[in-house]
$ cat work-v9.pdb   # PDB, C-alpha atoms and all ligand atoms
ATOM      1  CA  MET A   1      12.566  18.558  16.342
ATOM      2  CA  THR A   2       8.851  19.412  16.383
ATOM      3  CA  LEU A   3       7.353  18.067  13.235
ATOM      4  CA  ASN A   4       3.827  17.552  11.991
ATOM      5  CA  SER A   5       2.781  19.744  14.912
ATOM      6  CA  ASP A   6      -0.142  21.387  13.133
ATOM      7  CA  LEU A   7      -1.489  18.047  11.955
ATOM      8  CA  PRO A   8      -4.151  16.125  13.858
ATOM      9  CA  HIS A   9      -1.467  14.215  15.708
ATOM     10  CA  SER A  10      -3.232  13.590  18.977
ATOM     11  CA  GLN A  11      -5.179  10.701  17.542
ATOM     12  CA  VAL A  12      -2.079   8.868  16.452
ATOM     13  CA  LEU A  13      -1.233   5.681  18.288
ATOM     14  CA  THR A  14      -4.072   5.824  20.763
ATOM     15  CA  GLN A  15      -5.414   2.304  21.159
ATOM     16  CA  ASN A  16      -2.771  -0.346  20.918
ATOM     17  CA  ARG A  17      -3.687  -3.458  19.000
ATOM     18  CA  GLY A  18      -1.676  -5.883  16.961
ATOM     19  CA  PRO A  19       0.735  -7.391  16.415
ATOM     20  CA  ALA A  20      -0.011  -6.306  12.871
ATOM     21  CA  ARG A  21       0.058  -8.426   9.769
ATOM     22  CA  VAL A  22       2.395  -6.597   7.405
ATOM     23  CA  PHE A  23       1.853  -6.563   3.648
ATOM     24  CA  ALA A  24       3.978  -5.018   0.890
ATOM     25  CA  MET A  25       2.262  -3.994  -2.349
ATOM     26  CA  VAL A  26       4.786  -4.833  -5.055
ATOM     27  CA  ASN A  27       5.228  -4.538  -8.797
ATOM     28  CA  GLN A  28       8.393  -3.379 -10.537
ATOM     29  CA  SER A  29       6.360  -1.105 -12.792
ATOM     30  CA  GLY A  30       4.484   2.048 -12.006
ATOM     31  CA  GLY A  31       0.796   2.145 -12.855
ATOM     32  CA  ALA A  32       0.077  -1.376 -11.582
ATOM     33  CA  GLY A  33      -2.515  -0.415  -8.956
ATOM     34  CA  LYS A  34      -0.272  -0.635  -5.875
ATOM     35  CA  THR A  35      -1.171   2.721  -4.367
ATOM     36  CA  THR A  36      -4.866   2.553  -5.221
ATOM     37  CA  SER A  37      -4.990  -0.866  -3.578
ATOM     38  CA  ALA A  38      -2.916   0.069  -0.516
ATOM     39  CA  VAL A  39      -5.104   3.085   0.218
ATOM     40  CA  ASN A  40      -8.445   1.443  -0.467
ATOM     41  CA  ILE A  41      -7.752  -1.856   1.273
ATOM     42  CA  GLY A  42      -6.503   0.247   4.192
ATOM     43  CA  ALA A  43      -9.610   2.444   4.157
ATOM     44  CA  CYS A  44     -11.982  -0.549   3.991
ATOM     45  CA  ALA A  45     -10.178  -2.423   6.775
ATOM     46  CA  ALA A  46     -10.283   0.755   8.890
ATOM     47  CA  GLU A  47     -14.046   0.980   8.385
ATOM     48  CA  TYR A  48     -14.331  -2.658   9.411
ATOM     49  CA  GLY A  49     -12.756  -1.738  12.748
ATOM     50  CA  TRP A  50      -9.085  -2.634  12.220
ATOM     51  CA  LYS A  51      -6.353  -0.199  13.094
ATOM     52  CA  VAL A  52      -4.363   0.324   9.915
ATOM     53  CA  LEU A  53      -1.076   1.991   8.996
ATOM     54  CA  ILE A  54      -0.150   2.694   5.376
ATOM     55  CA  VAL A  55       3.577   3.305   4.862
ATOM     56  CA  ASP A  56       4.243   5.479   1.835
ATOM     57  CA  ALA A  57       7.622   4.210   0.650
ATOM     58  CA  ASP A  58       7.439   5.821  -2.797
ATOM     59  CA  ALA A  59       9.042   9.145  -3.729
ATOM     60  CA  GLN A  60       5.997   9.822  -5.904
ATOM     61  CA  CYS A  61       4.102  10.249  -2.598
ATOM     62  CA  ASP A  62       0.840   9.074  -4.163
ATOM     63  CA  ALA A  63      -0.370   7.308  -1.013
ATOM     64  CA  SER A  64       0.296  10.462   1.030
ATOM     65  CA  VAL A  65      -1.644  12.511  -1.530
ATOM     66  CA  ALA A  66      -4.517  10.016  -1.595
ATOM     67  CA  CYS A  67      -4.681  10.289   2.205
ATOM     68  CA  GLY A  68      -5.024  14.068   2.009
ATOM     69  CA  TYR A  69      -1.417  15.266   2.333
ATOM     70  CA  GLU A  70       1.098  16.837  -0.040
ATOM     71  CA  PRO A  71       4.265  16.802   2.075
ATOM     72  CA  ASP A  72       6.304  18.535  -0.652
ATOM     73  CA  LEU A  73       4.046  21.571  -0.351
ATOM     74  CA  MET A  74       3.866  21.554   3.460
ATOM     75  CA  THR A  75       6.407  22.872   5.940
ATOM     76  CA  GLY A  76       7.457  21.161   9.139
ATOM     77  CA  VAL A  77       6.204  17.793   8.025
ATOM     78  CA  ALA A  78       8.207  14.704   8.957
ATOM     79  CA  THR A  79       8.555  12.073   6.262
ATOM     80  CA  LEU A  80      10.314   8.764   5.770
ATOM     81  CA  TYR A  81      13.205  10.665   4.194
ATOM     82  CA  ASP A  82      13.777  12.511   7.489
ATOM     83  CA  VAL A  83      13.901   9.149   9.245
ATOM     84  CA  LEU A  84      16.535   8.035   6.762
ATOM     85  CA  LEU A  85      18.516  11.212   7.504
ATOM     86  CA  GLY A  86      18.163  10.540  11.233
ATOM     87  CA  ILE A  87      16.340  13.815  11.956
ATOM     88  CA  ALA A  88      12.903  12.350  12.731
ATOM     89  CA  SER A  89      11.611   9.191  14.329
ATOM     90  CA  PHE A  90       9.354   6.850  12.367
ATOM     91  CA  GLU A  91       6.471   7.625  14.736
ATOM     92  CA  GLU A  92       6.815  11.339  13.902
ATOM     93  CA  THR A  93       6.026  10.592  10.244
ATOM     94  CA  ILE A  94       2.707   8.956  11.166
ATOM     95  CA  VAL A  95      -0.466  11.066  10.924
ATOM     96  CA  PRO A  96      -4.152  10.221  10.626
ATOM     97  CA  ALA A  97      -5.253   9.697   7.025
ATOM     98  CA  LEU A  98      -7.784  12.314   5.952
ATOM     99  CA  ALA A  99     -11.089  11.963   4.105
ATOM    100  CA  GLY A 100     -10.138  14.831   1.768
ATOM    101  CA  PRO A 101      -7.349  17.342   1.178
ATOM    102  CA  HIS A 102      -5.509  18.672   4.240
ATOM    103  CA  GLY A 103      -6.372  22.265   5.034
ATOM    104  CA  THR A 104      -9.761  22.145   3.328
ATOM    105  CA  LYS A 105     -12.711  23.077   5.524
ATOM    106  CA  GLY A 106     -14.560  20.036   6.776
ATOM    107  CA  THR A 107     -11.801  17.527   6.038
ATOM    108  CA  ALA A 108     -11.822  15.037   8.880
ATOM    109  CA  PRO A 109      -9.413  12.300   9.947
ATOM    110  CA  ILE A 110     -10.481   8.790   8.972
ATOM    111  CA  GLU A 111     -11.064   6.685  12.040
ATOM    112  CA  ASN A 112      -8.533   3.850  12.440
ATOM    113  CA  LEU A 113      -6.465   4.811   9.376
ATOM    114  CA  PHE A 114      -2.964   6.270   9.629
ATOM    115  CA  ILE A 115      -0.254   7.075   7.126
ATOM    116  CA  SER A 116       3.506   7.376   7.365
ATOM    117  CA  LEU A 117       4.205  10.219   4.946
ATOM    118  CA  ALA A 118       6.680  10.328   2.064
ATOM    119  CA  SER A 119       8.196  13.248   0.180
ATOM    120  CA  SER A 120       9.777  13.411  -3.255
ATOM    121  CA  ASN A 121      13.311  13.574  -1.844
ATOM    122  CA  LEU A 122      12.838   9.905  -0.967
ATOM    123  CA  GLU A 123      14.249   9.529  -4.489
ATOM    124  CA  ASP A 124      17.654   9.695  -2.810
ATOM    125  CA  ALA A 125      16.823   6.756  -0.541
ATOM    126  CA  GLU A 126      18.773   4.224  -2.604
ATOM    127  CA  GLN A 127      21.952   6.337  -2.374
ATOM    128  CA  LEU A 128      21.485   7.017   1.339
ATOM    129  CA  LEU A 129      20.765   3.405   2.173
ATOM    130  CA  GLY A 130      23.650   2.111   0.044
ATOM    131  CA  PRO A 131      26.508   2.599   2.503
ATOM    132  CA  LYS A 132      24.474   1.713   5.630
ATOM    133  CA  THR A 133      25.354  -1.463   7.502
ATOM    134  CA  GLY A 134      22.326  -3.724   7.394
ATOM    135  CA  ARG A 135      20.893  -1.573   4.615
ATOM    136  CA  GLU A 136      18.295  -4.188   3.622
ATOM    137  CA  PHE A 137      16.942  -4.307   7.197
ATOM    138  CA  TRP A 138      16.365  -0.586   7.805
ATOM    139  CA  MET A 139      12.620  -0.699   7.186
ATOM    140  CA  ARG A 140      12.141  -3.898   9.161
ATOM    141  CA  GLY A 141      13.419  -2.082  12.254
ATOM    142  CA  LEU A 142      10.915   0.731  11.700
ATOM    143  CA  ILE A 143       7.977  -1.585  11.083
ATOM    144  CA  ASP A 144       8.822  -3.820  14.041
ATOM    145  CA  SER A 145       8.917  -0.763  16.308
ATOM    146  CA  VAL A 146       5.195  -0.041  15.650
ATOM    147  CA  ARG A 147       3.926  -3.526  14.844
ATOM    148  CA  ASP A 148       2.217  -3.875  18.214
ATOM    149  CA  GLN A 149       0.195  -0.703  17.677
ATOM    150  CA  TYR A 150      -1.714  -1.746  14.549
ATOM    151  CA  ASP A 151      -3.694  -4.682  13.201
ATOM    152  CA  LEU A 152      -2.634  -4.163   9.602
ATOM    153  CA  ILE A 153       0.368  -2.409   8.058
ATOM    154  CA  ILE A 154       0.509  -1.928   4.281
ATOM    155  CA  ILE A 155       3.740  -0.767   2.641
ATOM    156  CA  ASP A 156       3.096   1.025  -0.649
ATOM    157  CA  CYS A 157       6.232   0.359  -2.711
ATOM    158  CA  PRO A 158       7.751   2.284  -5.621
ATOM    159  CA  GLY A 159       7.569   0.713  -9.082
ATOM    160  CA  ASN A 160      10.937  -1.045  -9.124
ATOM    161  CA  LEU A 161      12.748  -3.855  -7.341
ATOM    162  CA  GLY A 162      15.479  -1.643  -5.849
ATOM    163  CA  LEU A 163      16.775  -1.334  -2.319
ATOM    164  CA  VAL A 164      13.652   0.298  -0.869
ATOM    165  CA  VAL A 165      11.504  -2.527  -2.216
ATOM    166  CA  VAL A 166      13.994  -5.103  -0.930
ATOM    167  CA  ASN A 167      13.626  -3.372   2.464
ATOM    168  CA  ALA A 168       9.839  -3.646   2.220
ATOM    169  CA  ILE A 169      10.022  -7.335   1.314
ATOM    170  CA  VAL A 170      12.387  -7.994   4.234
ATOM    171  CA  ALA A 171      10.071  -6.022   6.566
ATOM    172  CA  CYS A 172       6.780  -7.630   5.570
ATOM    173  CA  ASP A 173       5.085 -10.953   6.252
ATOM    174  CA  GLU A 174       3.394 -11.212   2.877
ATOM    175  CA  VAL A 175       3.740  -9.674  -0.564
ATOM    176  CA  ILE A 176       0.701  -8.752  -2.610
ATOM    177  CA  GLY A 177       1.584  -8.667  -6.308
ATOM    178  CA  CYS A 178      -0.561  -6.003  -7.996
ATOM    179  CA  VAL A 179      -1.056  -6.238 -11.749
ATOM    180  CA  LYS A 180      -3.231  -4.960 -14.497
ATOM    181  CA  PRO A 181      -4.338  -7.675 -16.934
ATOM    182  CA  GLY A 182      -2.146  -8.369 -19.979
ATOM    183  CA  TRP A 183       0.799 -10.561 -21.015
ATOM    184  CA  LYS A 184       3.516  -8.040 -20.226
ATOM    185  CA  GLU A 185       1.915  -7.160 -16.912
ATOM    186  CA  LEU A 186       1.573 -10.752 -15.749
ATOM    187  CA  ARG A 187       5.255 -11.499 -16.400
ATOM    188  CA  ALA A 188       5.914  -9.107 -13.514
ATOM    189  CA  LEU A 189       4.627 -11.731 -11.080
ATOM    190  CA  THR A 190       7.382 -14.186 -12.041
ATOM    191  CA  ARG A 191      10.008 -11.505 -11.466
ATOM    192  CA  ILE A 192       8.550 -10.656  -8.077
ATOM    193  CA  GLU A 193       8.669 -14.332  -7.058
ATOM    194  CA  LEU A 194      12.283 -14.642  -8.227
ATOM    195  CA  LYS A 195      13.250 -11.514  -6.314
ATOM    196  CA  ILE A 196      11.667 -12.815  -3.108
ATOM    197  CA  GLU A 197      13.446 -16.152  -3.572
ATOM    198  CA  GLU A 198      16.771 -14.372  -4.091
ATOM    199  CA  ILE A 199      16.239 -12.305  -0.919
ATOM    200  CA  GLN A 200      15.346 -15.436   1.065
ATOM    201  CA  ASN A 201      18.465 -17.206  -0.224
ATOM    202  CA  VAL A 202      20.776 -14.328   0.656
ATOM    203  CA  PHE A 203      19.352 -13.447   4.071
ATOM    204  CA  GLY A 204      18.193 -15.783   6.788
ATOM    205  CA  GLY A 205      14.938 -15.117   8.569
ATOM    206  CA  VAL A 206      13.028 -13.499   5.715
ATOM    207  CA  LYS A 207       9.541 -14.930   5.863
ATOM    208  CA  ALA A 208       7.867 -12.890   3.131
ATOM    209  CA  PHE A 209       6.344 -14.729   0.208
ATOM    210  CA  LEU A 210       4.030 -13.853  -2.646
ATOM    211  CA  SER A 211       0.823 -14.640  -0.807
ATOM    212  CA  LYS A 212      -1.715 -12.849  -2.964
ATOM    213  CA  VAL A 213      -2.202 -11.653  -6.517
ATOM    214  CA  LEU A 214      -4.494  -8.698  -7.109
ATOM    215  CA  VAL A 215      -5.589  -7.929 -10.656
ATOM    216  CA  VAL A 216      -6.997  -4.404 -10.987
ATOM    217  CA  ASP A 217      -8.430  -2.232 -13.723
ATOM    218  CA  VAL A 218     -10.287  -5.164 -15.218
ATOM    219  CA  PRO A 219     -12.575  -4.021 -18.077
ATOM    220  CA  LEU A 220     -16.245  -4.455 -17.299
ATOM    221  CA  HIS A 221     -17.131  -5.666 -20.762
ATOM    222  CA  ARG A 222     -16.241  -8.950 -22.359
ATOM    223  CA  ASN A 223     -14.687  -9.188 -25.809
ATOM    224  CA  GLN A 224     -11.526  -7.294 -24.977
ATOM    225  CA  GLY A 225      -9.628  -9.542 -27.379
ATOM    226  CA  ALA A 226      -7.770 -12.851 -27.246
ATOM    227  CA  VAL A 227      -4.640 -11.536 -25.531
ATOM    228  CA  TYR A 228      -6.672 -10.117 -22.687
ATOM    229  CA  ASP A 229      -8.779 -13.282 -22.305
ATOM    230  CA  ASP A 230      -5.666 -15.508 -22.453
ATOM    231  CA  SER A 231      -3.768 -13.487 -19.897
ATOM    232  CA  LYS A 232      -6.717 -13.435 -17.516
ATOM    233  CA  LYS A 233      -7.072 -17.199 -17.853
ATOM    234  CA  LYS A 234      -3.363 -17.706 -17.397
ATOM    235  CA  VAL A 235      -3.141 -15.708 -14.192
ATOM    236  CA  THR A 236      -6.178 -17.364 -12.651
ATOM    237  CA  THR A 237      -4.732 -20.795 -13.468
ATOM    238  CA  ALA A 238      -1.121 -20.125 -12.476
ATOM    239  CA  TYR A 239      -2.000 -18.331  -9.246
ATOM    240  CA  ALA A 240      -5.289 -20.046  -8.414
ATOM    241  CA  ASP A 241      -4.490 -20.314  -4.694
ATOM    242  CA  LYS A 242      -3.370 -16.689  -4.414
ATOM    243  CA  MET A 243      -5.978 -14.829  -6.444
ATOM    244  CA  LEU A 244      -7.886 -12.045  -4.742
ATOM    245  CA  PRO A 245     -11.199 -10.935  -6.256
ATOM    246  CA  MET A 246     -10.421  -8.749  -9.274
ATOM    247  CA  VAL A 247     -11.072  -5.006  -9.136
ATOM    248  CA  ARG A 248     -13.143  -3.739 -12.008
ATOM    249  CA  ARG A 249     -12.150  -0.782 -14.155
ATOM    250  CA  SER A 250     -13.803   2.402 -12.987
ATOM    251  CA  PRO A 251     -13.333   6.060 -13.909
ATOM    252  CA  ARG A 252     -14.174   6.802 -10.261
ATOM    253  CA  ILE A 253     -10.707   5.546  -9.251
ATOM    254  CA  PRO A 254      -8.645   8.306 -10.928
ATOM    255  CA  GLU A 255     -11.377  10.796  -9.994
ATOM    256  CA  ALA A 256     -11.164   9.787  -6.323
ATOM    257  CA  TYR A 257      -7.368  10.165  -6.430
ATOM    258  CA  ALA A 258      -7.685  13.642  -7.941
ATOM    259  CA  ALA A 259     -10.116  14.532  -5.137
ATOM    260  CA  GLN A 260      -7.657  13.081  -2.570
ATOM    261  CA  ARG A 261     -10.320  10.770  -1.216
ATOM    262  CA  ALA A 262     -10.427   7.065  -0.537
ATOM    263  CA  LEU A 263     -13.129   5.446  -2.670
ATOM    264  CA  ARG A 264     -15.462   4.870   0.263
ATOM    265  CA  PHE A 265     -15.682   8.653   0.709
ATOM    266  CA  PHE A 266     -16.080   9.328  -2.997
ATOM    267  CA  ASP A 267     -18.264   6.667  -4.564
ATOM    268  CA  ARG A 268     -19.465   4.491  -1.739
ATOM    269  CA  ALA A 269     -21.859   2.325  -3.741
ATOM    270  CA  GLY A 270     -19.633   2.081  -6.822
ATOM    271  CA  GLU A 271     -18.432  -1.194  -8.330
ATOM    272  CA  ALA A 272     -14.743  -0.637  -7.666
ATOM    273  CA  THR A 273     -15.493   0.413  -4.084
ATOM    274  CA  GLN A 274     -17.470  -2.778  -3.537
ATOM    275  CA  ASP A 275     -14.623  -4.759  -5.105
ATOM    276  CA  TYR A 276     -12.191  -3.297  -2.573
ATOM    277  CA  TYR A 277     -14.499  -4.234   0.326
ATOM    278  CA  ASN A 278     -14.448  -7.807  -1.002
ATOM    279  CA  VAL A 279     -10.684  -7.780  -1.489
ATOM    280  CA  THR A 280     -10.236  -6.523   2.074
ATOM    281  CA  LYS A 281     -12.323  -9.401   3.453
ATOM    282  CA  MET A 282     -10.313 -11.899   1.414
ATOM    283  CA  VAL A 283      -7.014 -10.435   2.608
ATOM    284  CA  GLY A 284      -8.245 -11.412   6.088
ATOM    285  CA  PHE A 285      -9.878  -8.242   7.418
ATOM    286  CA  PRO A 286     -13.658  -8.722   7.437
ATOM    287  CA  ARG A 287     -15.823  -6.580   9.708
ATOM    288  CA  ARG A 288     -14.410  -6.860  13.197
ATOM    289  CA  LYS A 289     -16.705  -8.569  15.683
ATOM    290  CA  SER A 290     -15.786  -6.682  18.884
TER     291      SER A 290
HETATM  292  N1  LIG B 301      -9.657  -0.368 -11.196
HETATM  293  C1  LIG B 301      -9.195   0.738 -11.824
HETATM  294  N2  LIG B 301      -9.962   1.389 -12.736
HETATM  295  C2  LIG B 301      -9.509   2.493 -13.367
HETATM  296  N3  LIG B 301      -8.304   3.039 -13.159
HETATM  297  C3  LIG B 301      -7.489   2.450 -12.254
HETATM  298  C4  LIG B 301      -7.886   1.271 -11.546
HETATM  299  N4  LIG B 301      -6.873   0.925 -10.701
HETATM  300  C5  LIG B 301      -5.909   1.844 -10.881
HETATM  301  N5  LIG B 301      -6.263   2.755 -11.814
HETATM  302  C6  LIG B 301      -5.476   3.897 -12.290
HETATM  303  O1  LIG B 301      -4.249   3.396 -12.776
HETATM  304  C7  LIG B 301      -3.208   4.320 -12.453
HETATM  305  C8  LIG B 301      -2.145   3.609 -11.677
HETATM  306  O2  LIG B 301      -2.658   3.187 -10.421
HETATM  307  P1  LIG B 301      -1.767   3.307  -9.113
HETATM  308  O3  LIG B 301      -2.555   2.687  -8.017
HETATM  309  O4  LIG B 301      -1.284   4.697  -8.915
HETATM  310  O5  LIG B 301      -0.564   2.356  -9.518
HETATM  311  P2  LIG B 301       0.922   2.222  -8.914
HETATM  312  O6  LIG B 301       0.861   2.648  -7.488
HETATM  313  O7  LIG B 301       1.255   0.792  -9.088
HETATM  314  O8  LIG B 301       1.799   3.130  -9.720
HETATM  315  C9  LIG B 301      -3.833   5.461 -11.686
HETATM  316  O9  LIG B 301      -4.100   6.532 -12.557
HETATM  317  C10 LIG B 301      -5.114   4.856 -11.168
HETATM  318  O10 LIG B 301      -6.104   5.848 -10.966
HETATM  319 MG    MG B 302       2.090   4.021  -6.511
END

$ encode --input "work-v9.pdb" --output "structure tokens"
Amino acid sequence: MTLNSDLPHSQVLTQNRGPARVFAMVNQSGGAGKTTSAVNIGACAAEYGWKVLIVDADAQCDASVACGYEPDLMTGVATLYDVLLGIASFEETIVPALAGPHGTKGTAPIENLFISLASSNLEDAEQLLGPKTGREFWMRGLIDSVRDQYDLIIIDCPGNLGLVVVNAIVACDEVIGCVKPGWKELRALTRIELKIEEIQNVFGGVKAFLSKVLVVDVPLHRNQGAVYDDSKKKVTTAYADKMLPMVRRSPRIPEAYAAQRALRFFDRAGEATQDYYNVTKMVGFPRRKS
């Protein structure tokens, strides 16, 4: 099967690096900043000289869109769903991330940044995985097969704790819990920790743990009210050793998504962009020396 043949495939998997550190961006709700963070941490680490793969594991395909692709509107494109069906290899789903929408004049591949594409039929993943033997370990096999080719792999999860997310947790080394500030939002972190614990208890050899907490969409101005102040204080106290620098609220973030651009190509000097450079350093990917 020849897939993704008209895409800039030749640059995929050129220099081998690794073995990659593998992160899963997790929150059981949508709208928690997972995709924004996956794409922008990936884009910053790529600029810093690390070879990065983002795995779009969400049927909403937002990471694919943010990296320039709309697989649902493209023909002959291999996605994670095709891998699940057994009609494409994982490597066939991997294309260079783009600094703008695919097919637009002047849109160039982003150096060092790659994406494994998703399509909306990934919605059926839970049903397809259900009867598989070793169904929780499907993604680990895929990730392990390319681990040696990247420095950093980021799995962008859907907003639930279903079988695909269990797969991502089993496949990764570390979970980053993404949350917006607020009481309801912060309770998500406890559920993520319990889910990881449950997975570790059921399966041997799962090393993932909640290693980092990333609070995004933080209002720039003080005086947001007692609930907001309390919740911010609570998360910084409860997760003091895991806290990444917070990402400030910025209208540039939804604008960049609508333009299908990573922030560094949309608002390079902006506050949120600078926040993501800092987050990337703290995740362990500062500017590469060599
Ligand atoms: N720092 C921020 N400032 C403003 N809007 C943000 C910020 N972070 C995320 N958003 C917006 O919040 C929404 C949800 O973010 P997204 O990354 O798609 O979350 P998830 O992947 O968890 O569903 C999007 O519309 C996104 O543009
Ligand atoms: Mg998302």

$ residues_around --input "work-v9.pdb" --residues "Ile169 of chain A" --least-positions-apart "4" --cutoff "12 Å" --atoms "all atoms listed in the file" --output "VMD selection string"
chain A and resid 22 to 27 57 136 to 140 143 154 to 157 161 to 165 173 to 177 192 to 193 195 to 200 203 205 to 211

$ residues_near_ligand --input "work-v9.pdb" --ligand "ligand MG 302 (chain B)" --cutoff "7 Å" --atoms "all atoms listed in the file" --output "number ranges by chain"
A: 30-31, 33-35, 58, 62-63, 156-159

$ resolve_selection --input "work-v9.pdb" --expression "the PyMOL selection byres (((chain A and resi 74-87) around 6) and not hetatm)" --output "PyMOL selection string"
chain A and resi 3-4+71-73+88-90+93+117-118+122

$ closest_residue --input "work-v9.pdb" --among "A:Ala188, A:Arg252, A:Ala240, A:Asp144" --to "Ala269 of chain A" --atoms "only C-alpha atoms"
A:Arg252

$ closest_residue --input "work-v9.pdb" --among "A:Ala32, A:Ala262, A:Ala43, A:Cys172" --to "ligand LIG 301 (chain B)" --atoms "only C-alpha atoms and all ligand atoms"
A:Ala32

$ resolve_selection --input "work-v9.pdb" --expression "the PyMOL selection byres (((chain A and resi 51) around 7) and not hetatm)" --output "ChimeraX atom specification"
/A:46,49-50,52,112-113,150-152

$ closest_residue --input "work-v9.pdb" --among "A:Gln28, A:Thr280, A:Thr104, A:Ser119" --to "Val247 of chain A" --atoms "all atoms listed in the file"
A:Thr280

$ closest_residue --input "work-v9.pdb" --among "A:Ile110, A:Ala256, A:Val179, A:Val227" --to "Met243 of chain A" --atoms "only C-alpha atoms"
A:Val179

$ closest_residue --input "work-v9.pdb" --among "A:Gly204, A:Gly68, A:Asn40, A:Val146" --to "Glu92 of chain A" --atoms "all atoms listed in the file"
A:Val146

$ residues_around --input "work-v9.pdb" --residues "Tyr48 of chain A" --least-positions-apart "4" --cutoff "9 Å" --atoms "all atoms listed in the file" --output "JSON list (two decimals) with C-alpha atoms, in the frame of the given file"
[["chain", "number", "residue", "atom", "x", "y", "z"],
["A", 43, "ALA", "CA", -9.61, 2.44, 4.16],
["A", 44, "CYS", "CA", -11.98, -0.55, 3.99],
["A", 285, "PHE", "CA", -9.88, -8.24, 7.42],
["A", 286, "PRO", "CA", -13.66, -8.72, 7.44],
["A", 287, "ARG", "CA", -15.82, -6.58, 9.71],
["A", 288, "ARG", "CA", -14.41, -6.86, 13.20],
["A", 289, "LYS", "CA", -16.70, -8.57, 15.68]]

$ closest_residue --input "work-v9.pdb" --among "A:Glu91, A:Val218, A:Cys67, A:Tyr277" --to "Pro109 of chain A" --atoms "only C-alpha atoms"
A:Cys67

$ axis_aligned_box --input "work-v9.pdb" --around "ligand LIG 301 (chain B)" --padding-each-side "4 Å" --output "AutoDock Vina command-line options"
--center_x -4.1 --center_y 3.1 --center_z -10.4 --size_x 19.8 --size_y 14.9 --size_z 13.9

$ resolve_selection --input "work-v9.pdb" --expression "the PyMOL selection byres (((chain A and resi 220) around 12) and not hetatm)" --output "number ranges by chain"
A: 216-219, 221-224, 246-251, 271-272

$ residues_around --input "work-v9.pdb" --residues "Thr236 of chain A" --least-positions-apart "6" --cutoff "12 Å" --atoms "all atoms listed in the file" --output "PDB file with C-alpha atoms, keeping the file's coordinate frame"
ATOM      1  CA  PRO A 181      -4.338  -7.675 -16.934  1.00  0.00           C
ATOM      2  CA  LEU A 186       1.573 -10.752 -15.749  1.00  0.00           C
ATOM      3  CA  LYS A 212      -1.715 -12.849  -2.964  1.00  0.00           C
ATOM      4  CA  VAL A 213      -2.202 -11.653  -6.517  1.00  0.00           C
ATOM      5  CA  LEU A 214      -4.494  -8.698  -7.109  1.00  0.00           C
ATOM      6  CA  VAL A 215      -5.589  -7.929 -10.656  1.00  0.00           C
ATOM      7  CA  ASP A 229      -8.779 -13.282 -22.305  1.00  0.00           C
ATOM      8  CA  ASP A 230      -5.666 -15.508 -22.453  1.00  0.00           C
ATOM      9  CA  LYS A 242      -3.370 -16.689  -4.414  1.00  0.00           C
ATOM     10  CA  MET A 243      -5.978 -14.829  -6.444  1.00  0.00           C
ATOM     11  CA  LEU A 244      -7.886 -12.045  -4.742  1.00  0.00           C
ATOM     12  CA  PRO A 245     -11.199 -10.935  -6.256  1.00  0.00           C
ATOM     13  CA  MET A 246     -10.421  -8.749  -9.274  1.00  0.00           C
TER      14      MET A 246
END

$ atom_distance --input "work-v9.pdb" --atom1 "atom CA of Arg147 of chain A" --atom2 "atom CA of Glu47 of chain A"
19.6 Å

$ atom_distance --input "work-v9.pdb" --atom1 "atom CA of Phe114 of chain A" --atom2 "atom CA of Ala20 of chain A"
13.3 Å

$ atom_distance --input "work-v9.pdb" --atom1 "atom CA of Tyr276 of chain A" --atom2 "atom O1 of ligand LIG 301 (chain B)"
14.6 Å
